[in-house]
file input.cif (mmCIF, C-alpha atoms)
data_upload
loop_
_atom_site.label_atom_id
_atom_site.label_comp_id
_atom_site.auth_asym_id
_atom_site.auth_seq_id
_atom_site.Cartn_x
_atom_site.Cartn_y
_atom_site.Cartn_z
CA MET A 614 -22.04 18.32 5.46
CA SER A 615 -19.07 16.99 7.40
CA LYS A 616 -17.18 14.14 5.80
CA LEU A 617 -14.31 11.68 5.94
CA TYR A 618 -11.37 12.52 3.69
CA LEU A 619 -9.05 9.70 2.57
CA VAL A 620 -5.76 11.46 1.88
CA PRO A 621 -2.79 9.76 0.14
CA THR A 622 0.67 10.65 1.43
CA PRO A 623 4.05 10.28 -0.32
CA ILE A 624 5.58 6.80 -0.50
CA GLY A 625 9.04 8.32 -0.25
CA ASN A 626 9.65 11.61 -2.00
CA LEU A 627 7.83 14.35 -0.08
CA GLU A 628 7.35 16.36 -3.30
CA ASP A 629 4.77 13.78 -4.41
CA ILE A 630 2.09 15.13 -2.07
CA THR A 631 -0.55 17.26 -3.81
CA PHE A 632 -1.47 20.87 -3.05
CA ARG A 633 -5.01 19.67 -2.41
CA ALA A 634 -3.86 17.09 0.13
CA ILE A 635 -1.95 19.74 2.09
CA LYS A 636 -4.99 22.05 2.01
CA VAL A 637 -7.33 19.34 3.31
CA LEU A 638 -4.93 18.29 6.08
CA LYS A 639 -4.66 21.90 7.24
CA GLU A 640 -8.42 22.51 7.23
CA VAL A 641 -9.89 19.35 8.80
CA ASP A 642 -10.65 19.14 12.52
CA LEU A 643 -8.69 15.93 13.06
CA ILE A 644 -6.20 13.69 11.26
CA LEU A 645 -6.26 9.95 11.85
CA ALA A 646 -2.74 8.60 11.35
CA GLU A 647 -1.44 5.04 11.22
CA ASP A 648 1.66 6.09 13.18
CA THR A 649 1.56 9.61 14.64
CA ARG A 650 5.36 9.71 14.94
CA THR A 651 5.87 8.96 11.24
CA SER A 652 3.08 11.29 10.14
CA GLY A 653 4.30 13.98 12.54
CA LYS A 654 7.43 14.41 10.43
CA LEU A 655 5.32 14.89 7.29
CA LEU A 656 2.99 17.40 8.95
CA LYS A 657 5.91 19.35 10.40
CA HIS A 658 7.57 19.54 6.97
CA PHE A 659 4.46 21.11 5.46
CA GLU A 660 3.67 23.24 8.53
CA ILE A 661 0.41 21.43 9.26
CA SER A 662 -0.64 21.86 12.88
CA THR A 663 -3.89 19.84 12.83
CA HIS A 664 -4.31 17.52 15.82
CA MET A 665 -3.70 13.80 15.21
CA HIS A 666 -5.13 10.59 16.66
CA SER A 667 -3.69 7.11 16.18
CA HIS A 668 -5.72 4.84 13.87
CA HIS A 669 -4.13 1.52 12.91
CA MET A 670 -4.91 -2.16 12.36
CA HIS A 671 -4.72 -2.94 16.09
CA ASN A 672 -7.29 -0.38 17.25
CA GLU A 673 -9.49 0.40 14.24
CA HIS A 674 -12.19 -2.11 15.22
CA LYS A 675 -12.64 -0.30 18.53
CA THR A 676 -12.51 3.29 17.26
CA VAL A 677 -14.60 3.19 14.07
CA ASP A 678 -17.99 3.84 15.72
CA ASN A 679 -16.68 6.82 17.68
CA ILE A 680 -15.11 8.35 14.56
CA VAL A 681 -18.34 7.99 12.60
CA GLN A 682 -20.27 9.71 15.38
CA ARG A 683 -17.77 12.57 15.50
CA ILE A 684 -18.21 13.18 11.77
CA LYS A 685 -22.00 13.02 12.11
CA SER A 686 -21.70 15.58 14.93
CA GLY A 687 -20.04 18.07 12.59
CA GLU A 688 -16.31 17.30 12.47
CA ASN A 689 -14.35 16.91 9.24
CA ILE A 690 -11.82 14.13 9.64
CA ALA A 691 -8.95 13.01 7.39
CA LEU A 692 -7.42 9.55 7.35
CA ILE A 693 -3.81 9.01 6.29
CA SER A 694 -1.48 6.00 6.38
CA ASP A 695 2.29 5.98 6.84
CA ALA A 696 2.72 6.10 3.06
CA GLY A 697 0.48 5.81 0.03
CA THR A 698 -3.30 5.65 -0.22
CA PRO A 699 -5.36 4.57 2.82
CA ALA A 700 -7.05 1.15 2.55
CA ILE A 701 -4.52 -0.16 -0.01
CA SER A 702 -2.77 -2.77 2.20
CA ASP A 703 -3.28 -0.25 5.03
CA PRO A 704 -6.12 0.70 7.43
CA GLY A 705 -9.10 2.44 5.86
CA PHE A 706 -11.60 -0.14 4.64
CA LEU A 707 -13.40 -0.65 7.94
CA LEU A 708 -13.85 3.07 8.51
CA SER A 709 -14.97 3.70 4.94
CA ARG A 710 -17.53 0.92 5.13
CA ALA A 711 -18.85 2.18 8.48
CA CYS A 712 -19.23 5.69 7.07
CA ILE A 713 -21.17 4.42 4.07
CA GLU A 714 -23.45 2.32 6.27
CA ASN A 715 -24.17 5.41 8.41
CA GLY A 716 -24.77 7.80 5.53
CA VAL A 717 -21.52 9.72 6.10
CA GLU A 718 -19.95 11.23 2.99
CA ILE A 719 -16.49 10.07 1.92
CA GLU A 720 -14.09 11.91 -0.35
CA CYS A 721 -10.94 10.13 -1.53
CA LEU A 722 -8.18 12.29 -2.97
CA PRO A 723 -5.97 10.97 -5.77
CA GLY A 724 -2.32 10.47 -4.98
CA ALA A 725 0.61 8.17 -4.39
CA THR A 726 0.18 4.38 -4.49
CA ALA A 727 3.27 2.18 -4.75
CA PHE A 728 1.91 -0.47 -7.10
CA VAL A 729 1.03 1.94 -9.94
CA PRO A 730 4.57 3.10 -10.85
CA ALA A 731 5.88 -0.44 -10.28
CA LEU A 732 3.33 -1.82 -12.75
CA VAL A 733 3.83 0.90 -15.34
CA ASN A 734 7.62 0.61 -15.41
CA SER A 735 7.65 -3.20 -15.29
CA GLY A 736 7.32 -3.63 -19.04
CA LEU A 737 4.64 -6.28 -18.40
CA PRO A 738 1.09 -6.03 -19.79
CA ASN A 739 -0.93 -3.51 -17.78
CA ASP A 740 -4.22 -3.41 -19.70
CA LYS A 741 -5.52 -6.04 -17.25
CA PHE A 742 -3.99 -6.78 -13.87
CA VAL A 743 -4.81 -8.10 -10.40
CA PHE A 744 -3.53 -6.54 -7.17
CA GLU A 745 -2.82 -9.17 -4.50
CA GLY A 746 -1.00 -7.06 -1.92
CA PHE A 747 0.69 -9.20 0.75
CA LEU A 748 0.29 -12.96 0.43
CA PRO A 749 -0.89 -14.89 3.51
CA VAL A 750 2.12 -15.60 5.72
CA LYS A 751 1.17 -19.18 6.62
CA LYS A 752 -2.45 -20.32 6.49
CA GLY A 753 -3.88 -20.11 3.00
CA ARG A 754 -0.59 -19.23 1.28
CA GLN A 755 -0.24 -22.49 -0.67
CA THR A 756 -3.92 -22.45 -1.64
CA ARG A 757 -3.58 -18.89 -2.95
CA LEU A 758 -0.43 -19.67 -4.94
CA ILE A 759 -2.06 -22.72 -6.56
CA PHE A 760 -5.01 -20.55 -7.56
CA LEU A 761 -2.79 -17.75 -8.93
CA ALA A 762 -0.69 -20.18 -10.96
CA GLU A 763 -3.56 -20.18 -13.48
CA GLU A 764 -4.01 -16.38 -13.49
CA THR A 765 -3.54 -14.92 -17.00
CA ARG A 766 -3.47 -11.27 -15.93
CA THR A 767 -0.38 -9.49 -14.61
CA MET A 768 -0.18 -9.90 -10.82
CA ILE A 769 1.10 -7.38 -8.27
CA PHE A 770 2.37 -8.19 -4.79
CA TYR A 771 3.85 -6.29 -1.85
CA GLU A 772 6.69 -7.85 0.14
CA SER A 773 9.11 -6.99 2.94
CA PRO A 774 12.88 -7.42 2.48
CA HIS A 775 13.30 -10.33 4.90
CA LYS A 776 10.58 -12.36 3.15
CA LEU A 777 11.44 -11.48 -0.46
CA LEU A 778 13.60 -14.49 -1.33
CA LYS A 779 11.15 -16.91 0.30
CA THR A 780 8.31 -15.44 -1.75
CA LEU A 781 10.34 -15.50 -4.97
CA THR A 782 11.21 -19.14 -4.32
CA HIS A 783 7.52 -19.94 -3.93
CA PHE A 784 6.81 -18.12 -7.19
CA ALA A 785 9.42 -20.26 -8.95
CA GLU A 786 7.80 -23.39 -7.51
CA TYR A 787 4.21 -22.54 -8.42
CA PHE A 788 4.59 -20.27 -11.47
CA GLY A 789 7.76 -21.69 -12.99
CA GLU A 790 11.31 -20.31 -13.01
CA ASP A 791 10.94 -18.85 -16.53
CA ARG A 792 7.96 -16.61 -15.70
CA SER A 793 8.66 -12.92 -16.41
CA ILE A 794 8.90 -10.70 -13.35
CA SER A 795 9.78 -7.16 -12.34
CA VAL A 796 10.81 -6.23 -8.80
CA SER A 797 10.87 -2.58 -7.67
CA ARG A 798 12.20 -1.35 -4.34
CA GLU A 799 12.38 1.99 -2.56
CA LEU A 800 10.13 3.66 -5.15
CA THR A 801 10.56 7.48 -5.35
CA LYS A 802 13.45 7.31 -2.86
CA LEU A 803 17.19 7.89 -3.32
CA TYR A 804 18.04 4.22 -3.90
CA GLU A 805 15.07 3.34 -6.11
CA GLU A 806 15.73 0.25 -8.19
CA THR A 807 13.80 -1.96 -10.60
CA VAL A 808 15.13 -5.35 -11.67
CA ARG A 809 13.50 -7.26 -14.53
CA GLY A 810 13.95 -10.79 -15.86
CA THR A 811 12.80 -14.33 -15.17
CA ILE A 812 12.00 -15.46 -11.64
CA ALA A 813 15.19 -17.53 -11.63
CA GLU A 814 17.28 -14.50 -12.65
CA ILE A 815 15.73 -12.29 -9.98
CA ILE A 816 16.32 -14.93 -7.29
CA GLU A 817 19.98 -15.04 -8.34
CA HIS A 818 20.19 -11.23 -8.23
CA PHE A 819 18.83 -10.92 -4.68
CA THR A 820 20.80 -13.94 -3.47
CA LYS A 821 23.97 -12.03 -4.37
CA LYS A 822 22.60 -8.65 -3.28
CA ALA A 823 20.82 -8.63 0.07
CA PRO A 824 17.26 -7.24 -0.24
CA LYS A 825 16.77 -3.82 1.37
CA GLY A 826 13.72 -1.55 1.45
CA GLU A 827 10.07 -2.22 0.67
CA PHE A 828 9.30 -4.21 -2.47
CA VAL A 829 6.62 -4.31 -5.16
CA ILE A 830 6.68 -7.50 -7.23
CA VAL A 831 5.01 -7.57 -10.66
CA VAL A 832 4.59 -11.03 -12.19
CA GLY A 833 3.48 -11.81 -15.73
CA GLY A 834 0.35 -13.90 -16.08
CA LYS A 835 0.20 -17.46 -17.39
CA LYS A 836 0.39 -17.65 -21.19
#

call {"tool": "encode", "arguments": {"input": "input.cif", "output": "structure tokens"}}
result
Amino acid sequence: MSKLYLVPTPIGNLEDITFRAIKVLKEVDLILAEDTRTSGKLLKHFEISTHMHSHHMHNEHKTVDNIVQRIKSGENIALISDAGTPAISDPGFLLSRACIENGVEIECLPGATAFVPALVNSGLPNDKFVFEGFLPVKKGRQTRLIFLAEETRTMIFYESPHKLLKTLTHFAEYFGEDRSISVSRELTKLYEETVRGTIAEIIEHFTKKAPKGEFVIVVGGKK
């Protein structure tokens, strides 16, 4: 039976792709890519010549039904994002749900996800945690922060460099300046860095050193 494959791609270091992922990407009939230009570099590196179509947050609502029908008609299709595992703060959920509703089989391969290494090397409790991804930019942000101020589990967030200090300042306001935190950037890449301390200390660090790269923020829960 034809199926949808959810295939994780490296978050930085190309050596982090699995042999199985390469095999699947070579054998499927079509690859759905968040950005075909970005993914084209990855496919070229591993000599994968499978045809690609663009599938991203701006067009996924319109293309889901067609993709489901193509799989039901006999095509094997793989979905990849620019980096990491599809559907984790990236497109993938809508297509997966549509496949399930239409009786189409889904197979998700294990692989790179940025928040896992950031959590593990944070030094914060990881037996229980909550993944928040990106906070709301405007509407709902304050409400979410008030709610999370009472969270006792370790919390994980994604953030861009130009919004990092603003988000850290909000954390200090709602969680307290003394809350333990770990901030990782450029995971698996040449300039990978993890900074640990209190929220106040991390704000001071990135005030002196301009934030660069993509960030994963791990915050200790309320004690």

call {"tool": "atom_distance", "arguments": {"input": "input.cif", "atom1": "CA of Ile630 in chain A", "atom2": "CA of Phe728 in chain A"}}
result
16.4 Å

call {"tool": "axis_aligned_box", "arguments": {"input": "input.cif", "around": "range 747-762 of chain A", "padding_each_side": "3 Å", "output": "JSON"}}
result
{"center_x": -1.4, "center_y": -16.0, "center_z": -2.2, "size_x": 13.1, "size_y": 19.5, "size_z": 23.6}

call {"tool": "resolve_selection", "arguments": {"input": "input.cif", "expression": "the PyMOL selection byres ((chain A and resi 716) around 12)", "output": "PyMOL selection string"}}
result
chain A and resi 614-617+681-682+684-685+709-715+717-719

call {"tool": "resolve_selection", "arguments": {"input": "input.cif", "expression": "the PyMOL selection byres ((chain A and resi 653) around 12)", "output": "list in words"}}
result
Ile644, Leu645, Ala646, Glu647, Asp648, Thr649, Arg650, Thr651, Ser652, Lys654, Leu655, Leu656, Lys657, His658, Phe659, Glu660, Ile661, Ser662, Thr663, His664, Met665, His666, Ser667, Ile693, Ser694 and Asp695 of chain A

call {"tool": "residues_around", "arguments": {"input": "input.cif", "residues": "Pro738 in chain A", "least_positions_apart": "3", "cutoff": "9 Å", "atoms": "all atoms listed in the file", "output": "list in words"}}
result
Leu732, Val733, Ser735, Lys741, Phe742, Arg766, Thr767, Gly833 and Gly834 of chain A

call {"tool": "closest_residue", "arguments": {"input": "input.cif", "among": "A:Arg633, A:Arg792, A:Arg798, A:Arg754", "to": "Phe828 in chain A", "atoms": "all atoms listed in the file"}}
result
A:Arg798

call {"tool": "atom_distance", "arguments": {"input": "input.cif", "atom1": "CA of Thr782 in chain A", "atom2": "CA of Ile815 in chain A"}}
result
10.0 Å

call {"tool": "residues_around", "arguments": {"input": "input.cif", "residues": "range 771-776 of chain A", "least_positions_apart": "4", "cutoff": "8 Å", "atoms": "all atoms listed in the file", "output": "ChimeraX atom specification"}}
result
/A:745-748,780,824-830

call {"tool": "resolve_selection", "arguments": {"input": "input.cif", "expression": "the PyMOL selection byres ((chain A and resi 698-703) around 7)", "output": "VMD selection string"}}
result
chain A and resid 619 to 622 693 to 694 696 to 697 704 to 706 724 to 726 746

call {"tool": "atom_distance", "arguments": {"input": "input.cif", "atom1": "CA of His668 in chain A", "atom2": "CA of Leu643 in chain A"}}
result
11.5 Å

call {"tool": "residues_around", "arguments": {"input": "input.cif", "residues": "range 799-814 of chain A", "least_positions_apart": "5", "cutoff": "9 Å", "atoms": "all atoms listed in the file", "output": "MDAnalysis selection string"}}
result
chainID A and resid 623:626 629 727 730:731 734:736 781:782 784:785 788:794 819 825:829 832

call {"tool": "residues_around", "arguments": {"input": "input.cif", "residues": "Val641 in chain A", "least_positions_apart": "4", "cutoff": "8 Å", "atoms": "only C-alpha atoms", "output": "VMD selection string"}}
result
chain A and resid 637 663 688 to 691

call {"tool": "residues_around", "arguments": {"input": "input.cif", "residues": "Phe744 in chain A", "least_positions_apart": "6", "cutoff": "8 Å", "atoms": "only C-alpha atoms", "output": "MDAnalysis selection string"}}
result
chainID A and resid 768:770

call {"tool": "closest_residue", "arguments": {"input": "input.cif", "among": "A:Ile816, A:Lys835, A:Glu673, A:Glu720", "to": "Phe760 in chain A", "atoms": "all atoms listed in the file"}}
result
A:Lys835
